[in-house]
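Novice: Input work-v3.cif, format and content: mmCIF, C-alpha atoms.
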```
data_coords
loop_
_atom_site.label_atom_id
_atom_site.label_comp_id
_atom_site.auth_asym_id
_atom_site.auth_seq_id
_atom_site.Cartn_x
_atom_site.Cartn_y
_atom_site.Cartn_z
CA MET A 1054 4.49 19.08 3.97
CA THR A 1055 6.06 19.67 7.36
CA ASN A 1056 6.46 23.27 6.32
CA GLU A 1057 2.69 23.58 6.04
CA HIS A 1058 2.28 22.59 9.61
CA SER A 1059 4.77 24.98 11.11
CA GLU A 1060 3.17 27.94 9.30
CA LYS A 1061 -0.20 27.00 10.71
CA GLU A 1062 1.11 27.48 14.22
CA HIS A 1063 2.02 31.10 13.62
CA ILE A 1064 0.26 33.45 16.04
CA ILE A 1065 0.30 37.20 15.42
CA GLY A 1066 0.82 39.05 18.71
CA TYR A 1067 -1.52 41.67 20.15
CA GLY A 1068 1.06 44.42 19.57
CA THR A 1069 1.28 43.81 15.83
CA TYR A 1070 -2.49 44.17 15.44
CA VAL A 1071 -2.55 47.41 17.42
CA LEU A 1072 0.34 48.75 15.33
CA ILE A 1073 -1.44 47.88 12.05
CA TRP A 1074 -4.61 49.50 13.42
CA LEU A 1075 -2.65 52.71 14.08
CA VAL A 1076 -1.26 52.63 10.53
CA LEU A 1077 -4.79 52.13 9.14
CA ILE A 1078 -6.16 55.05 11.17
CA GLY A 1079 -3.21 57.16 10.02
CA LEU A 1080 -3.93 56.33 6.37
CA THR A 1081 -7.62 57.17 6.89
CA VAL A 1082 -6.74 60.58 8.33
CA THR A 1083 -4.32 61.10 5.43
CA THR A 1084 -6.87 60.27 2.74
CA VAL A 1085 -9.50 62.53 4.36
CA SER A 1086 -7.04 65.44 4.63
CA ILE A 1087 -5.82 64.97 1.05
CA SER A 1088 -9.41 65.03 -0.24
CA GLY A 1089 -9.64 68.63 1.04
CA ILE A 1090 -6.86 69.69 -1.32
CA ASN A 1091 -7.79 70.21 -4.94
CA LEU A 1092 -5.68 67.62 -6.75
CA GLY A 1093 -7.80 67.63 -9.90
CA ASN A 1094 -7.51 64.51 -12.00
CA ILE A 1095 -5.14 62.57 -9.77
CA ALA A 1096 -7.39 62.94 -6.67
CA LEU A 1097 -9.20 59.67 -7.46
CA ALA A 1098 -5.94 57.84 -8.19
CA VAL A 1099 -4.43 58.96 -4.86
CA ALA A 1100 -7.59 57.98 -2.93
CA LEU A 1101 -7.65 54.54 -4.56
CA LEU A 1102 -3.93 54.05 -3.96
CA ILE A 1103 -4.38 54.71 -0.24
CA ALA A 1104 -7.41 52.38 -0.19
CA ALA A 1105 -5.33 49.67 -1.89
CA LEU A 1106 -2.55 50.16 0.66
CA LYS A 1107 -5.04 49.85 3.53
CA SER A 1108 -6.46 46.69 1.93
CA ALA A 1109 -2.98 45.19 1.66
CA PHE A 1110 -2.51 45.64 5.41
CA VAL A 1111 -5.92 44.17 6.22
CA ILE A 1112 -5.46 41.17 3.90
CA ASN A 1113 -1.87 40.39 4.90
CA ILE A 1114 -2.04 40.92 8.64
CA PHE A 1115 -5.67 40.91 9.85
CA MET A 1116 -6.62 38.15 7.41
CA HIS A 1117 -3.32 36.41 8.10
CA ILE A 1118 -2.50 35.86 4.41
CA LYS A 1119 1.16 36.79 4.81
CA PHE A 1120 1.59 33.65 6.89
CA GLU A 1121 -0.65 31.28 4.93
CA ASP A 1122 0.30 28.71 2.30
CA LYS A 1123 1.29 29.95 -1.11
CA ILE A 1124 -1.89 28.59 -2.69
CA PHE A 1125 -3.98 31.24 -0.88
CA LYS A 1126 -1.76 34.00 -2.22
CA VAL A 1127 -2.00 32.61 -5.76
CA PHE A 1128 -5.80 32.38 -5.54
CA ILE A 1129 -6.14 35.94 -4.27
CA ALA A 1130 -3.71 37.31 -6.85
CA VAL A 1131 -5.60 35.58 -9.69
CA ALA A 1132 -8.97 36.82 -8.38
CA LEU A 1133 -7.77 40.41 -8.00
CA MET A 1134 -6.00 40.46 -11.37
CA THR A 1135 -9.13 39.13 -13.08
CA LEU A 1136 -11.23 41.81 -11.40
CA LEU A 1137 -8.69 44.48 -12.33
CA SER A 1138 -8.60 43.48 -16.00
CA VAL A 1139 -12.40 43.55 -16.18
CA PHE A 1140 -12.30 47.08 -14.75
CA VAL A 1141 -9.62 48.26 -17.16
CA LEU A 1142 -11.37 46.75 -20.20
CA THR A 1143 -14.73 48.24 -19.20
CA ALA A 1144 -13.12 51.62 -18.55
CA PHE A 1145 -11.63 51.63 -22.06
CA ASP A 1146 -14.98 50.64 -23.51
CA VAL A 1147 -16.88 53.42 -21.73
CA PHE A 1148 -14.15 55.97 -22.39
CA PHE A 1149 -13.68 55.46 -26.12
CA ARG A 1150 -17.22 54.63 -27.10
CA MET B 624 -6.83 16.70 29.31
CA ASN B 625 -5.02 18.18 26.39
CA ASN B 626 -3.65 14.81 25.32
CA HIS B 627 -7.03 13.27 25.55
CA SER B 628 -8.67 15.86 23.32
CA GLU B 629 -5.87 15.50 20.78
CA ASN B 630 -6.45 11.76 20.59
CA PHE B 631 -10.10 12.41 20.21
CA GLU B 632 -9.49 14.73 17.30
CA GLU B 633 -7.60 12.05 15.45
CA HIS B 634 -10.78 10.05 15.16
CA VAL B 635 -13.04 12.92 14.17
CA HIS B 636 -12.45 14.09 10.63
CA ARG B 637 -11.49 17.73 10.68
CA ASP B 638 -9.89 19.70 7.88
CA ASP B 639 -9.09 23.26 8.97
CA PHE B 640 -7.10 23.91 5.82
CA GLY B 641 -10.06 22.89 3.66
CA ALA B 642 -12.44 24.93 5.79
CA LYS B 643 -10.32 28.02 5.37
CA MET B 644 -9.96 27.42 1.64
CA GLY B 645 -13.74 27.07 1.38
CA MET B 646 -14.18 30.36 3.22
CA TRP B 647 -11.85 32.13 0.83
CA LEU B 648 -13.70 30.71 -2.17
CA PHE B 649 -16.90 32.13 -0.66
CA LEU B 650 -15.18 35.48 -0.19
CA PHE B 651 -14.34 35.46 -3.91
CA THR B 652 -18.05 35.17 -4.71
CA GLU B 653 -18.57 38.21 -2.47
CA LEU B 654 -15.90 39.95 -4.51
CA LEU B 655 -17.93 39.21 -7.63
CA LEU B 656 -21.12 40.52 -6.02
CA PHE B 657 -19.58 43.83 -4.98
CA GLY B 658 -17.25 43.90 -7.98
CA GLY B 659 -20.24 44.12 -10.30
CA LEU B 660 -21.58 47.11 -8.40
CA PHE B 661 -18.19 48.82 -8.34
CA LEU B 662 -17.96 48.23 -12.09
CA LEU B 663 -21.33 49.90 -12.63
CA TYR B 664 -20.26 52.75 -10.36
CA MET B 665 -17.13 53.27 -12.46
CA ALA B 666 -19.07 53.25 -15.74
CA TYR B 667 -21.63 55.80 -14.45
CA ARG B 668 -18.91 57.94 -12.92
CA LEU B 669 -17.01 58.09 -16.21
CA GLN B 670 -20.20 59.12 -17.98
CA TYR B 671 -21.51 61.57 -15.38
CA SER B 672 -18.32 62.81 -13.74
CA HIS B 673 -19.56 66.33 -13.06
CA GLU B 674 -22.95 65.30 -11.63
CA PHE B 675 -21.29 62.69 -9.40
CA HIS B 676 -19.08 65.36 -7.85
CA ILE B 677 -22.01 67.69 -7.20
CA ALA B 678 -24.15 64.92 -5.69
CA ALA B 679 -21.29 63.69 -3.45
CA ARG B 680 -21.09 67.09 -1.74
CA GLU B 681 -24.34 66.27 0.08
CA LEU B 682 -22.71 63.35 1.90
CA ASN B 683 -21.44 63.87 5.43
CA ILE B 684 -17.65 63.34 5.50
CA GLY B 685 -17.64 63.46 9.31
CA ILE B 686 -20.01 60.49 9.70
CA GLY B 687 -18.21 58.65 6.89
CA THR B 688 -14.82 59.08 8.57
CA PHE B 689 -16.21 58.15 11.97
CA ASN B 690 -17.74 54.96 10.56
CA THR B 691 -14.46 54.11 8.81
CA ILE B 692 -12.62 54.35 12.13
CA ILE B 693 -15.32 52.26 13.85
CA LEU B 694 -15.01 49.48 11.27
CA LEU B 695 -11.19 49.52 11.32
CA THR B 696 -11.27 49.27 15.12
CA SER B 697 -13.77 46.41 14.98
CA SER B 698 -11.48 44.60 12.55
CA MET B 699 -8.66 44.95 15.05
CA THR B 700 -10.73 43.67 18.00
CA MET B 701 -11.80 40.72 15.81
CA ALA B 702 -8.20 39.81 15.01
CA LEU B 703 -7.21 40.28 18.67
CA SER B 704 -10.07 38.00 19.74
CA ILE B 705 -8.64 35.15 17.63
CA THR B 706 -5.16 35.65 19.07
CA ALA B 707 -6.61 35.66 22.59
CA MET B 708 -8.48 32.42 21.85
CA ARG B 709 -5.34 30.75 20.55
CA LEU B 710 -3.43 31.86 23.65
CA GLU B 711 -6.17 30.24 25.78
CA ARG B 712 -7.47 33.54 27.12
CA LYS B 713 -11.15 32.70 26.82
CA THR B 714 -12.57 35.64 28.79
CA LEU B 715 -10.43 38.14 26.90
CA SER B 716 -11.46 36.55 23.63
CA LEU B 717 -15.15 36.86 24.56
CA PHE B 718 -14.67 40.47 25.62
CA LEU B 719 -12.96 41.36 22.34
CA LEU B 720 -15.62 39.57 20.32
CA ALA B 721 -18.36 41.42 22.21
CA SER B 722 -16.53 44.69 21.48
CA THR B 723 -16.52 43.80 17.77
CA ILE B 724 -20.28 43.19 17.81
CA LEU B 725 -20.86 46.41 19.73
CA LEU B 726 -18.77 48.43 17.26
CA ALA B 727 -20.70 46.86 14.38
CA PHE B 728 -23.90 48.01 16.08
CA GLY B 729 -22.43 51.49 16.47
CA PHE B 730 -21.71 51.55 12.75
CA LEU B 731 -25.35 50.71 11.99
CA VAL B 732 -26.64 53.36 14.40
CA ASN B 733 -24.55 55.98 12.58
CA LYS B 734 -25.81 54.65 9.26
CA PHE B 735 -29.38 54.97 10.55
CA PHE B 736 -28.91 58.64 11.48
CA GLU B 737 -27.09 59.34 8.24
CA TRP B 738 -29.82 57.82 6.10
CA SER B 739 -32.59 59.42 8.19
CA ALA B 740 -31.06 62.84 7.54
CA LYS B 741 -30.90 62.07 3.81
CA PHE B 742 -34.51 60.88 3.80
CA GLY B 743 -35.45 64.03 5.70
CA HIS B 744 -34.04 66.08 2.82
CA GLY B 745 -36.09 64.01 0.39
CA LEU B 746 -33.02 62.19 -0.89
CA TYR B 747 -34.16 58.59 -1.27
CA PRO B 748 -34.58 56.36 -4.32
CA GLY B 749 -37.62 57.40 -6.34
CA SER B 750 -38.24 60.62 -4.38
CA ASP B 751 -39.55 63.73 -6.18
CA VAL B 752 -36.48 65.71 -5.11
CA LEU B 753 -34.15 63.19 -6.72
CA LEU B 754 -36.26 62.68 -9.85
CA ASP B 755 -36.04 66.43 -10.50
CA LYS B 756 -32.24 66.34 -10.36
CA PRO B 757 -30.04 65.64 -13.40
CA ARG B 758 -29.73 61.98 -14.36
CA GLY B 759 -26.14 61.69 -13.11
CA GLU B 760 -27.03 62.85 -9.60
CA TYR B 761 -29.99 60.49 -9.51
CA LEU B 762 -27.69 57.61 -10.50
CA PHE B 763 -25.14 58.61 -7.86
CA TYR B 764 -27.75 58.25 -5.13
CA GLY B 765 -28.96 55.00 -6.68
CA MET B 766 -25.43 53.57 -6.41
CA TYR B 767 -24.96 55.09 -2.96
CA TYR B 768 -28.07 53.42 -1.53
CA ALA B 769 -27.51 50.11 -3.34
CA MET B 770 -23.86 49.75 -2.34
CA THR B 771 -23.90 51.09 1.21
CA GLY B 772 -27.22 49.25 1.71
CA LEU B 773 -25.79 45.92 0.59
CA HIS B 774 -22.78 46.62 2.78
CA ALA B 775 -25.04 47.37 5.76
CA ILE B 776 -26.79 44.01 5.21
CA HIS B 777 -23.35 42.40 5.39
CA VAL B 778 -22.70 44.19 8.68
CA ILE B 779 -25.98 42.80 10.07
CA VAL B 780 -25.14 39.28 8.87
CA GLY B 781 -21.66 39.67 10.38
CA MET B 782 -23.18 40.63 13.74
CA ILE B 783 -25.39 37.52 13.67
CA ILE B 784 -22.44 35.26 12.80
CA LEU B 785 -20.25 36.80 15.51
CA THR B 786 -23.04 36.40 18.07
CA PHE B 787 -23.13 32.68 17.23
CA MET B 788 -19.34 32.56 17.69
CA PHE B 789 -19.77 34.21 21.10
CA VAL B 790 -22.14 31.42 22.13
CA PHE B 791 -19.80 28.75 20.70
CA ILE B 792 -16.87 30.09 22.70
CA SER B 793 -18.85 30.27 25.93
CA ARG B 794 -20.00 26.67 25.38
CA ASN B 795 -16.41 25.60 24.64
CA SER B 796 -17.18 24.37 21.16
CA ILE B 797 -14.52 26.84 19.99
CA THR B 798 -11.26 26.20 21.82
CA SER B 799 -7.59 27.16 21.57
CA THR B 800 -6.97 24.06 19.41
CA ASN B 801 -10.24 24.15 17.44
CA TYR B 802 -10.92 27.74 16.42
CA ILE B 803 -11.46 27.53 12.65
CA LYS B 804 -15.09 28.72 12.98
CA LEU B 805 -13.92 31.86 14.77
CA GLU B 806 -11.14 32.37 12.23
CA ASN B 807 -13.49 32.05 9.24
CA SER B 808 -16.02 34.42 10.84
CA GLY B 809 -13.11 36.81 11.29
CA LEU B 810 -12.30 36.54 7.57
CA TYR B 811 -15.91 37.46 6.76
CA TRP B 812 -15.76 40.42 9.10
CA HIS B 813 -12.51 41.68 7.57
CA LEU B 814 -14.09 41.45 4.11
CA VAL B 815 -16.89 43.73 5.31
CA ASP B 816 -14.16 46.14 6.43
CA LEU B 817 -12.31 45.81 3.10
CA ILE B 818 -15.41 46.73 1.09
CA TRP B 819 -15.97 49.81 3.23
CA ILE B 820 -12.32 50.84 2.71
CA PHE B 821 -13.24 51.33 -0.97
CA LEU B 822 -16.80 52.60 -0.52
CA PHE B 823 -15.61 55.40 1.75
CA PRO B 824 -13.31 57.32 -0.67
CA LEU B 825 -15.52 56.59 -3.69
CA PHE B 826 -18.66 58.12 -2.15
CA TYR B 827 -17.63 60.44 0.65
CA LEU B 828 -14.28 61.86 -0.41
CA MET B 829 -15.27 63.38 -3.76
CA ARG B 830 -15.06 67.10 -3.22
#
```
Please, can you express the file's structure as C-alpha cells?

Specialist:
Amino acid sequence: MTNEHSEKEHIIGYGTYVLIWLVLIGLTVTTVSISGINLGNIALAVALLIAALKSAFVINIFMHIKFEDKIFKVFIAVALMTLLSVFVLTAFDVFFR
Amino acid sequence: MNNHSENFEEHVHRDDFGAKMGMWLFLFTELLLFGGLFLLYMAYRLQYSHEFHIAARELNIGIGTFNTIILLTSSMTMALSITAMRLERKTLSLFLLASTILLAFGFLVNKFFEWSAKFGHGLYPGSDVLLDKPRGEYLFYGMYYAMTGLHAIHVIVGMIILTFMFVFISRNSITSTNYIKLENSGLYWHLVDLIWIFLFPLFYLMR
C-alpha cells in the first residue's frame, strides 16, 4: 500500500519528454523514408511495427504507464490482446473464405 | 498555506486513483470505437489490396507527415505542461497548454486544406468521380473520410477540453497538488495522438 503512494509521486522531467519526442520524430522520418523503398509484402508489417514502437513510447512515457500501478498495465495488456485476437481471427476469416 | 490546503483535502472526498482508472476505462471504449473501424479497414484492404494502393497514391504524404509531427509535438507540450504544473510553474504550464491547443488548431487547418484539395478534385463521399472508380477505391475513400473525420472530431473535442483546463489552471482550481483533471485531459490528448500514429501509415504511406 505504501508502495502505491511513492509511485504516485513520480514526476517525469522535462528532458525525458523532449528526448522521447526526438525519438518519435526520428521514427516518423524513418517510416516515411522506408515507405519510399519497395519492400513488397513486408512493407505493411514494417510500418505497423514502427507504429507499435511509437505507441509504446507514448503509452509508457507520455501517458505515464511505466510508472503506474500494475493494475493499469494488466488492463491495457488485456484490452490490447483482445483487440489483437479479434483482428487475427477476422483476418483469417477474410483470407480463407 | 500548504498545510492548510492539505487538511482541507482530508475532509473533501477525492480519489485520484479512481479518477484515473475511470479515464482509462473510457479510453478503452474509444479503442473499441476506432478498433471497429480499423477492423473494417483491414477486411476491405485484404479484399481490395490493389485498389487500395492505387487510391492511396492520391493522398499527400507531405501534409500527412507534417500533421504527424504537429501531433507528436503537441503530445510533448501536453506532457510538459503537466510536469510544469506539478513543479508549481503555473505560467509555464499555461504556456505549454496554450501551445498544445495552438498545435491542435494547426493540425485542423492542415486537414482543412487537405480535404479542400480532395473536394476540389471531386474526391468526396458520393461524388460522381468516386462513384465511377472501382469499388475498392471508393471504399478506400469511404474509410479515409470516416476515420480521419472521426479523428478530427476528437481533435476538436480535445481542444475544447484543453481550453477548459486552461481556465481551471488560471482560476487555481487545478494546482500542483490537485491536477488529476489536467492529467486525465492529457491522457485523452495522447489517445488522439496514438490513433493518428496508426492512421498515418495505413492511409498515407501505401506507395

Novice: Using the chain letters and numbers from the file, which residues does the PyMOL selection byres ((chain B) within 8 of (chain A)) grab, as a compact mmCIF listing (two decimals) with C-alpha atoms, in the coordinates of the input?

Specialist:
```txt
# COMPACT_ATOMS: atom_id res chain seq x y z
CA MET B 644 -9.96 27.42 1.64
CA PHE B 651 -14.34 35.46 -3.91
CA GLY B 658 -17.25 43.90 -7.98
CA LEU B 662 -17.96 48.23 -12.09
CA MET B 665 -17.13 53.27 -12.46
CA ALA B 666 -19.07 53.25 -15.74
CA LEU B 669 -17.01 58.09 -16.21
CA GLN B 670 -20.20 59.12 -17.98
CA THR B 688 -14.82 59.08 8.57
CA THR B 691 -14.46 54.11 8.81
CA ILE B 692 -12.62 54.35 12.13
CA LEU B 695 -11.19 49.52 11.32
CA THR B 696 -11.27 49.27 15.12
CA SER B 698 -11.48 44.60 12.55
CA MET B 699 -8.66 44.95 15.05
CA ALA B 702 -8.20 39.81 15.01
CA LEU B 703 -7.21 40.28 18.67
CA THR B 706 -5.16 35.65 19.07
CA ARG B 709 -5.34 30.75 20.55
CA GLY B 809 -13.11 36.81 11.29
CA LEU B 810 -12.30 36.54 7.57
CA HIS B 813 -12.51 41.68 7.57
CA LEU B 817 -12.31 45.81 3.10
CA ILE B 820 -12.32 50.84 2.71
CA PHE B 821 -13.24 51.33 -0.97
CA PRO B 824 -13.31 57.32 -0.67
CA LEU B 825 -15.52 56.59 -3.69
CA LEU B 828 -14.28 61.86 -0.41
CA MET B 829 -15.27 63.38 -3.76
CA ARG B 830 -15.06 67.10 -3.22
```

Novice: Can you list, as a count of residues only, the residues that the PyMOL selection byres ((chain B and resi 671-679) around 6) selects here?

Specialist: 11

Novice: List the spatial neighbours of B:Asn683 as a list in words - criterion: any atom at most 10 Å away, only C-alpha atoms, same-chain residues fewer than 5 positions off excluded.

Specialist: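 Listed by chain and then number, they are Thr688, Glu737, Ala740, Lys741, Phe826, Tyr827 and Leu828 of chain B.
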
Novice: In terms of the shortest atom-to-atom distance over only C-alpha atoms, which of B:Lys643, B:Ser793, B:Thr723, B:Ile784 is closest to A:Ile1118?

Specialist: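 Among B:Lys643, B:Ser793, B:Thr723, B:Ile784, it is B:Lys643 that comes nearest to A:Ile1118.
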
Novice: Measuring between all atoms listed in the file, which one of B:Ser716, B:Thr652, B:Ile783, B:Val732 shows the shortest distance to B:Asn690?

Specialist: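 Closest to B:Asn690 of all the choices is B:Val732.
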
Novice: Given the choices B:His636, B:Lys804, B:Arg712, B:His774, which gets closest to B:Phe791 if the distance is worked out from all atoms listed in the file?

Specialist: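 Of the candidates, the smallest distance to B:Phe791 is held by B:Lys804.
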
Novice: I'd like the interatomic distance between atom CA of B:Val752 and atom CA of B:Leu822, to a tenth of an Å.

Specialist: 24.1 Å

Novice: What separation in Å, quoted to one decimal, exists between atom CA of B:Met766 and atom CA of B:Phe742?

Specialist: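 Atom CA of B:Phe742 lies at a distance of 15.5 Å from atom CA of B:Met766.
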
Novice: One decimal, Å: what's the distance from atom CA of B:Lys734 over to atom CA of B:Phe718, could you say?

Specialist: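 One can read the atom CA of B:Lys734 to atom CA of B:Phe718 distance as 24.3 Å.
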
Novice: Name all residues at most 10 Å from B:Val790 (count only C-alpha atoms; drop same-chain ones fewer than 6 positions away) and give them as an mmCIF file with C-alpha atoms, in the coordinates of the input.

Specialist:
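Saved file out-v5.cif follows:
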```
data_model
loop_
_atom_site.group_PDB
_atom_site.id
_atom_site.type_symbol
_atom_site.label_atom_id
_atom_site.label_comp_id
_atom_site.auth_asym_id
_atom_site.auth_seq_id
_atom_site.Cartn_x
_atom_site.Cartn_y
_atom_site.Cartn_z
ATOM 1 C CA LEU B 717 -15.150 36.860 24.560
ATOM 2 C CA SER B 796 -17.180 24.370 21.160
ATOM 3 C CA ILE B 797 -14.520 26.840 19.990
#
```

Novice: Find, counting only C-alpha atoms, the residue in B:Phe823, B:Tyr802, B:Phe735, B:Tyr811 that gets nearest to B:Glu653.

Specialist: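 Ranked by minimum distance to B:Glu653, first place goes to B:Tyr811.
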